[in-house]
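For reference, run03.cif (mmCIF, C-alpha atoms):
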data_my_file
loop_
_atom_site.group_PDB
_atom_site.id
_atom_site.type_symbol
_atom_site.label_atom_id
_atom_site.label_comp_id
_atom_site.auth_asym_id
_atom_site.auth_seq_id
_atom_site.Cartn_x
_atom_site.Cartn_y
_atom_site.Cartn_z
ATOM 1 C CA MET A 28 199.428 71.211 56.688
ATOM 2 C CA ILE A 29 195.993 72.046 58.121
ATOM 3 C CA ILE A 30 195.777 73.022 61.779
ATOM 4 C CA PHE A 31 192.402 72.438 63.444
ATOM 5 C CA GLY A 32 191.056 72.015 66.961
ATOM 6 C CA SER A 33 188.541 73.448 69.411
ATOM 7 C CA ARG A 34 188.355 76.369 71.808
ATOM 8 C CA THR A 35 185.906 77.159 74.604
ATOM 9 C CA MET A 36 184.810 80.775 74.837
ATOM 10 C CA VAL A 37 183.075 82.266 77.882
ATOM 11 C CA LYS A 38 180.798 85.289 77.526
ATOM 12 C CA LEU A 39 179.065 87.378 80.201
ATOM 13 C CA VAL A 40 175.368 87.363 79.279
ATOM 14 C CA ALA A 41 173.662 89.253 82.125
ATOM 15 C CA ALA A 42 173.985 90.304 85.757
ATOM 16 C CA GLN A 43 171.473 90.915 88.551
ATOM 17 C CA ILE A 44 171.704 91.754 92.223
ATOM 18 C CA PHE A 45 169.912 89.370 94.581
ATOM 19 C CA ILE A 46 170.601 86.989 97.468
ATOM 20 C CA CYS A 47 173.011 84.143 96.704
ATOM 21 C CA MET A 48 171.671 80.660 97.417
ATOM 22 C CA TYR A 49 175.053 79.569 98.825
ATOM 23 C CA CYS A 50 176.377 82.422 100.994
ATOM 24 C CA ARG A 51 173.034 84.208 101.683
ATOM 25 C CA VAL A 52 174.562 87.607 100.873
ATOM 26 C CA GLU A 53 172.951 90.118 98.531
ATOM 27 C CA ALA A 54 175.469 90.432 95.709
ATOM 28 C CA ALA A 55 175.702 90.549 91.921
ATOM 29 C CA GLN A 56 174.869 87.221 90.317
ATOM 30 C CA ARG A 57 176.443 86.921 86.874
ATOM 31 C CA LEU A 58 175.278 84.637 84.070
ATOM 32 C CA PHE A 59 177.996 83.231 81.797
ATOM 33 C CA ARG A 60 177.614 81.186 78.605
ATOM 34 C CA SER A 61 180.385 78.747 77.643
ATOM 35 C CA THR A 62 180.495 77.654 74.009
ATOM 36 C CA THR A 63 182.969 75.299 72.344
ATOM 37 C CA TRP A 64 184.012 76.323 68.832
ATOM 38 C CA PHE A 65 185.674 74.354 66.044
ATOM 39 C CA THR A 66 188.828 76.223 65.005
ATOM 40 C CA LEU A 67 190.742 76.192 61.752
ATOM 41 C CA PHE A 68 194.175 77.836 61.795
ATOM 42 C CA PHE A 69 193.300 79.123 65.307
ATOM 43 C CA LEU A 70 190.208 81.004 64.040
ATOM 44 C CA PRO A 71 186.773 80.012 65.413
ATOM 45 C CA ILE A 72 184.604 78.694 62.562
ATOM 46 C CA PHE A 73 181.363 77.320 64.067
ATOM 47 C CA PRO A 74 180.057 76.412 67.560
ATOM 48 C CA PHE A 75 179.239 72.937 68.837
ATOM 49 C CA GLY A 76 175.708 72.911 70.308
ATOM 50 C CA HIS A 77 174.088 75.708 72.293
ATOM 51 C CA GLY A 78 176.642 75.931 75.079
ATOM 52 C CA THR A 79 176.178 75.755 78.830
ATOM 53 C CA TYR A 80 175.005 78.466 81.205
ATOM 54 C CA ARG A 81 176.559 79.103 84.624
ATOM 55 C CA MET A 82 175.443 81.557 87.308
ATOM 56 C CA SER A 83 178.290 82.864 89.474
ATOM 57 C CA CYS A 84 178.119 84.865 92.717
ATOM 58 C CA SER A 85 180.470 87.849 92.749
ATOM 59 C CA TYR A 86 180.800 87.655 96.558
ATOM 60 C CA CYS A 87 181.578 83.988 97.282
ATOM 61 C CA GLY A 88 182.450 82.755 93.760
ATOM 62 C CA ASN A 89 180.196 79.693 93.876
ATOM 63 C CA GLU A 90 178.692 78.627 90.575
ATOM 64 C CA ALA A 91 175.526 76.812 89.557
ATOM 65 C CA ILE A 92 174.716 75.359 86.145
ATOM 66 C CA LEU A 93 171.419 76.638 84.768
ATOM 67 C CA PRO A 94 169.233 74.989 82.130
ATOM 68 C CA ARG A 95 168.571 77.090 79.047
ATOM 69 C CA PRO A 96 164.953 78.098 79.947
ATOM 70 C CA GLU A 97 166.101 79.424 83.340
ATOM 71 C CA ALA A 98 169.017 81.256 81.707
ATOM 72 C CA ASP A 99 166.610 82.881 79.239
ATOM 73 C CA ARG A 100 164.366 83.954 82.137
ATOM 74 C CA PHE A 101 167.403 85.347 84.031
ATOM 75 C CA THR A 102 168.397 87.372 80.945
ATOM 76 C CA ALA A 103 164.867 88.711 80.436
ATOM 77 C CA ASP A 104 164.623 89.701 84.117
ATOM 78 C CA ALA A 105 168.006 91.469 83.955
ATOM 79 C CA GLN A 106 166.928 93.435 80.877
ATOM 80 C CA ARG A 107 163.612 94.351 82.528
ATOM 81 C CA MET A 108 165.392 95.535 85.705
ATOM 82 C CA ALA A 109 167.881 97.599 83.666
ATOM 83 C CA ALA A 110 165.046 99.250 81.740
ATOM 84 C CA ALA A 111 163.194 100.058 84.968
ATOM 85 C CA ALA A 112 166.328 101.513 86.589
ATOM 86 C CA SER A 113 167.223 103.818 83.707
ATOM 87 C CA PRO A 114 165.568 107.242 83.901
ATOM 88 C CA ALA A 115 163.079 108.185 81.241
ATOM 89 C CA VAL A 116 164.623 110.559 78.754
ATOM 90 C CA PRO A 117 162.275 113.358 77.652
ATOM 91 C CA PRO A 118 162.072 113.978 73.916
ATOM 92 C CA GLN A 119 164.295 116.781 72.674
ATOM 93 C CA VAL A 120 162.658 119.755 71.049
#
Before anything else, please render the file you have as structure tokens.
Amino acid sequence: MIIFGSRTMVKLVAAQIFICMYCRVEAAQRLFRSTTWFTLFFLPIFPFGHGTYRMSCSYCGNEAILPRPEADRFTADAQRMAAAASPAVPPQV
């Protein structure tokens, strides 16, 4: 007997702090990616499509679906902000 099905997995992609468009409070906005996977014997084998992106406010909990280009821009901005916030490490002698 072969057991197959699907499973949706949610992954935190990036986070930034800015003003929420719903509650107007400056809070962490988190970007999640949901992907549905084909499973065989309860093990994920391959994903269906590219998945969907959701931005969630950590203060009010409201969510907004983002298109892929906006999600890519959000991720790039989060990486740029993290690089700017980290102190420069001097080379060791």
key: Nearby residues (all atoms listed in the file) at most 9 Å from Phe75 in chain A, same-chain spacing under 3 positions excluded, as a PyMOL selection string   = chain A and resi 62-65+78
task = Run through the PyMOL selection byres ((chain A and resi 37-41) around 9) on the given coordinates and return the selected residues as a list of chain:residue names.
result =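 Here the PyMOL selection byres ((chain A and resi 37-41) around 9) matches A:Thr35, A:Met36, A:Ala42, A:Gln43, A:Gln56, A:Arg57, A:Leu58, A:Phe59, A:Arg60, A:Ser61, A:Thr62, A:Thr63, A:Phe101, A:Thr102, A:Ala103, A:Ala105, A:Gln106.
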key: Long-range neighbours of range 84-92 of chain A as a ChimeraX atom specification, 8 Å cut-off, all atoms listed in the file, 3 positions minimum in chain   = /A:47,49-50,52,54-57,79-81
Mind dumping the selected residues with C-alpha atoms as a CSV table (one decimal), keeping the file's coordinate frame?
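What follows is the written file out06.csv:
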chain,number,residue,atom,x,y,z
A,47,CYS,CA,173.0,84.1,96.7
A,49,TYR,CA,175.1,79.6,98.8
A,50,CYS,CA,176.4,82.4,101.0
A,52,VAL,CA,174.6,87.6,100.9
A,54,ALA,CA,175.5,90.4,95.7
A,55,ALA,CA,175.7,90.5,91.9
A,56,GLN,CA,174.9,87.2,90.3
A,57,ARG,CA,176.4,86.9,86.9
A,79,THR,CA,176.2,75.8,78.8
A,80,TYR,CA,175.0,78.5,81.2
A,81,ARG,CA,176.6,79.1,84.6
query = Which residue out of A:Met48, A:Ala109, A:Ser33, A:Glu53 has the minimum interatomic distance to Met82 in chain A when all atoms listed in the file are used?
reply =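 The closest residue to Met82 in chain A is A:Met48.
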Using only C-alpha atoms: which of A:Asp99, A:Pro114, A:Pro71, A:Phe45 has the shortest distance to Ser83 in chain A =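 Going through A:Asp99, A:Pro114, A:Pro71, A:Phe45 one by one, the smallest distance to Ser83 in chain A is for A:Phe45.
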ask   = Within 12 Å of (199.6, 73.9, 59.3), only C-alpha atoms: residues as a list of chain:residue names?
value =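 Those residues lying close to the given coordinates are A:Met28, A:Ile29, A:Ile30, A:Phe31, A:Gly32, A:Leu67, A:Phe68, A:Phe69.
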Write the residues you've just listed into a file as a CSV table (one decimal), keeping the file's coordinate frame, and include C-alpha atoms for each of them.
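New file part20.csv:
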chain,number,residue,atom,x,y,z
A,28,MET,CA,199.4,71.2,56.7
A,29,ILE,CA,196.0,72.0,58.1
A,30,ILE,CA,195.8,73.0,61.8
A,31,PHE,CA,192.4,72.4,63.4
A,32,GLY,CA,191.1,72.0,67.0
A,67,LEU,CA,190.7,76.2,61.8
A,68,PHE,CA,194.2,77.8,61.8
A,69,PHE,CA,193.3,79.1,65.3
query = Looking at A:Arg100, A:Arg95, A:Arg51, A:Arg34, which one is nearest to Thr66 in chain A, with distances taken over all atoms listed in the file?
reply = A:Arg34
Residue among A:Arg107, A:His77, A:Ala112, A:Ile44 lying closest to Pro94 in chain A, counting only C-alpha atoms = A:His77
Mind rebuilding range 97-108 of chain A with all heavy atoms and writing that out as a PDB file, in the coordinates of the input?
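Saved result, selection-v2.pdb, follows:
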ATOM      1  N   GLU A  97     165.839  78.568  82.180  1.00  0.00           N
ATOM      2  CA  GLU A  97     166.101  79.424  83.340  1.00  0.00           C
ATOM      3  C   GLU A  97     167.090  80.530  82.986  1.00  0.00           C
ATOM      4  O   GLU A  97     166.971  81.655  83.469  1.00  0.00           O
ATOM      5  CB  GLU A  97     166.631  78.600  84.507  1.00  0.00           C
ATOM      6  CG  GLU A  97     165.572  77.735  85.159  1.00  0.00           C
ATOM      7  CD  GLU A  97     166.101  77.015  86.376  1.00  0.00           C
ATOM      8  OE1 GLU A  97     167.039  77.519  87.022  1.00  0.00           O
ATOM      9  OE2 GLU A  97     165.562  75.940  86.674  1.00  0.00           O
ATOM     10  N   ALA A  98     168.060  80.241  82.138  1.00  0.00           N
ATOM     11  CA  ALA A  98     169.017  81.256  81.707  1.00  0.00           C
ATOM     12  C   ALA A  98     168.309  82.328  80.872  1.00  0.00           C
ATOM     13  O   ALA A  98     168.600  83.519  81.018  1.00  0.00           O
ATOM     14  CB  ALA A  98     170.146  80.616  80.904  1.00  0.00           C
ATOM     15  N   ASP A  99     167.374  81.918  80.028  1.00  0.00           N
ATOM     16  CA  ASP A  99     166.610  82.881  79.239  1.00  0.00           C
ATOM     17  C   ASP A  99     165.756  83.765  80.149  1.00  0.00           C
ATOM     18  O   ASP A  99     165.644  84.970  79.924  1.00  0.00           O
ATOM     19  CB  ASP A  99     165.725  82.169  78.218  1.00  0.00           C
ATOM     20  CG  ASP A  99     166.529  81.496  77.122  1.00  0.00           C
ATOM     21  OD1 ASP A  99     167.702  81.878  76.913  1.00  0.00           O
ATOM     22  OD2 ASP A  99     165.984  80.575  76.477  1.00  0.00           O
ATOM     23  N   ARG A 100     165.170  83.179  81.183  1.00  0.00           N
ATOM     24  CA  ARG A 100     164.366  83.954  82.137  1.00  0.00           C
ATOM     25  C   ARG A 100     165.254  84.928  82.919  1.00  0.00           C
ATOM     26  O   ARG A 100     164.885  86.077  83.154  1.00  0.00           O
ATOM     27  CB  ARG A 100     163.634  83.020  83.091  1.00  0.00           C
ATOM     28  CG  ARG A 100     162.660  83.739  83.985  1.00  0.00           C
ATOM     29  CD  ARG A 100     161.719  82.825  84.732  1.00  0.00           C
ATOM     30  NE  ARG A 100     162.064  81.427  84.684  1.00  0.00           N
ATOM     31  CZ  ARG A 100     162.242  80.660  85.751  1.00  0.00           C
ATOM     32  NH1 ARG A 100     162.123  81.158  86.955  1.00  0.00           N
ATOM     33  NH2 ARG A 100     162.535  79.389  85.620  1.00  0.00           N
ATOM     34  N   PHE A 101     166.441  84.487  83.327  1.00  0.00           N
ATOM     35  CA  PHE A 101     167.403  85.347  84.031  1.00  0.00           C
ATOM     36  C   PHE A 101     167.767  86.545  83.151  1.00  0.00           C
ATOM     37  O   PHE A 101     167.787  87.686  83.618  1.00  0.00           O
ATOM     38  CB  PHE A 101     168.654  84.535  84.378  1.00  0.00           C
ATOM     39  CG  PHE A 101     169.672  85.269  85.199  1.00  0.00           C
ATOM     40  CD1 PHE A 101     169.720  85.099  86.568  1.00  0.00           C
ATOM     41  CD2 PHE A 101     170.600  86.112  84.616  1.00  0.00           C
ATOM     42  CE1 PHE A 101     170.671  85.751  87.343  1.00  0.00           C
ATOM     43  CE2 PHE A 101     171.542  86.771  85.364  1.00  0.00           C
ATOM     44  CZ  PHE A 101     171.577  86.596  86.733  1.00  0.00           C
ATOM     45  N   THR A 102     168.035  86.306  81.873  1.00  0.00           N
ATOM     46  CA  THR A 102     168.397  87.372  80.945  1.00  0.00           C
ATOM     47  C   THR A 102     167.249  88.358  80.763  1.00  0.00           C
ATOM     48  O   THR A 102     167.458  89.576  80.776  1.00  0.00           O
ATOM     49  CB  THR A 102     168.805  86.782  79.582  1.00  0.00           C
ATOM     50  OG1 THR A 102     169.860  85.835  79.790  1.00  0.00           O
ATOM     51  CG2 THR A 102     169.283  87.850  78.631  1.00  0.00           C
ATOM     52  N   ALA A 103     166.034  87.838  80.600  1.00  0.00           N
ATOM     53  CA  ALA A 103     164.867  88.711  80.436  1.00  0.00           C
ATOM     54  C   ALA A 103     164.640  89.556  81.682  1.00  0.00           C
ATOM     55  O   ALA A 103     164.332  90.759  81.587  1.00  0.00           O
ATOM     56  CB  ALA A 103     163.641  87.873  80.117  1.00  0.00           C
ATOM     57  N   ASP A 104     164.787  88.958  82.867  1.00  0.00           N
ATOM     58  CA  ASP A 104     164.623  89.701  84.117  1.00  0.00           C
ATOM     59  C   ASP A 104     165.687  90.790  84.252  1.00  0.00           C
ATOM     60  O   ASP A 104     165.401  91.897  84.701  1.00  0.00           O
ATOM     61  CB  ASP A 104     164.684  88.768  85.327  1.00  0.00           C
ATOM     62  CG  ASP A 104     163.466  87.879  85.439  1.00  0.00           C
ATOM     63  OD1 ASP A 104     162.433  88.187  84.796  1.00  0.00           O
ATOM     64  OD2 ASP A 104     163.536  86.874  86.177  1.00  0.00           O
ATOM     65  N   ALA A 105     166.925  90.482  83.866  1.00  0.00           N
ATOM     66  CA  ALA A 105     168.006  91.469  83.955  1.00  0.00           C
ATOM     67  C   ALA A 105     167.738  92.641  83.016  1.00  0.00           C
ATOM     68  O   ALA A 105     167.959  93.802  83.387  1.00  0.00           O
ATOM     69  CB  ALA A 105     169.341  90.818  83.624  1.00  0.00           C
ATOM     70  N   GLN A 106     167.236  92.362  81.819  1.00  0.00           N
ATOM     71  CA  GLN A 106     166.928  93.435  80.877  1.00  0.00           C
ATOM     72  C   GLN A 106     165.762  94.279  81.391  1.00  0.00           C
ATOM     73  O   GLN A 106     165.769  95.505  81.260  1.00  0.00           O
ATOM     74  CB  GLN A 106     166.591  92.860  79.509  1.00  0.00           C
ATOM     75  CG  GLN A 106     167.782  92.271  78.811  1.00  0.00           C
ATOM     76  CD  GLN A 106     167.417  91.541  77.536  1.00  0.00           C
ATOM     77  OE1 GLN A 106     166.240  91.297  77.259  1.00  0.00           O
ATOM     78  NE2 GLN A 106     168.421  91.175  76.758  1.00  0.00           N
ATOM     79  N   ARG A 107     164.765  93.631  81.983  1.00  0.00           N
ATOM     80  CA  ARG A 107     163.612  94.351  82.528  1.00  0.00           C
ATOM     81  C   ARG A 107     164.042  95.241  83.687  1.00  0.00           C
ATOM     82  O   ARG A 107     163.600  96.384  83.810  1.00  0.00           O
ATOM     83  CB  ARG A 107     162.547  93.353  82.955  1.00  0.00           C
ATOM     84  CG  ARG A 107     161.210  93.955  83.254  1.00  0.00           C
ATOM     85  CD  ARG A 107     160.147  92.917  83.543  1.00  0.00           C
ATOM     86  NE  ARG A 107     160.686  91.600  83.873  1.00  0.00           N
ATOM     87  CZ  ARG A 107     160.441  90.487  83.175  1.00  0.00           C
ATOM     88  NH1 ARG A 107     159.684  90.511  82.134  1.00  0.00           N
ATOM     89  NH2 ARG A 107     160.951  89.336  83.543  1.00  0.00           N
ATOM     90  N   MET A 108     164.912  94.742  84.572  1.00  0.00           N
ATOM     91  CA  MET A 108     165.392  95.535  85.705  1.00  0.00           C
ATOM     92  C   MET A 108     166.247  96.711  85.225  1.00  0.00           C
ATOM     93  O   MET A 108     166.173  97.808  85.777  1.00  0.00           O
ATOM     94  CB  MET A 108     166.199  94.665  86.666  1.00  0.00           C
ATOM     95  CG  MET A 108     165.379  93.601  87.368  1.00  0.00           C
ATOM     96  SD  MET A 108     164.109  94.256  88.426  1.00  0.00           S
ATOM     97  CE  MET A 108     165.094  94.862  89.758  1.00  0.00           C
TER      98      MET A 108
END
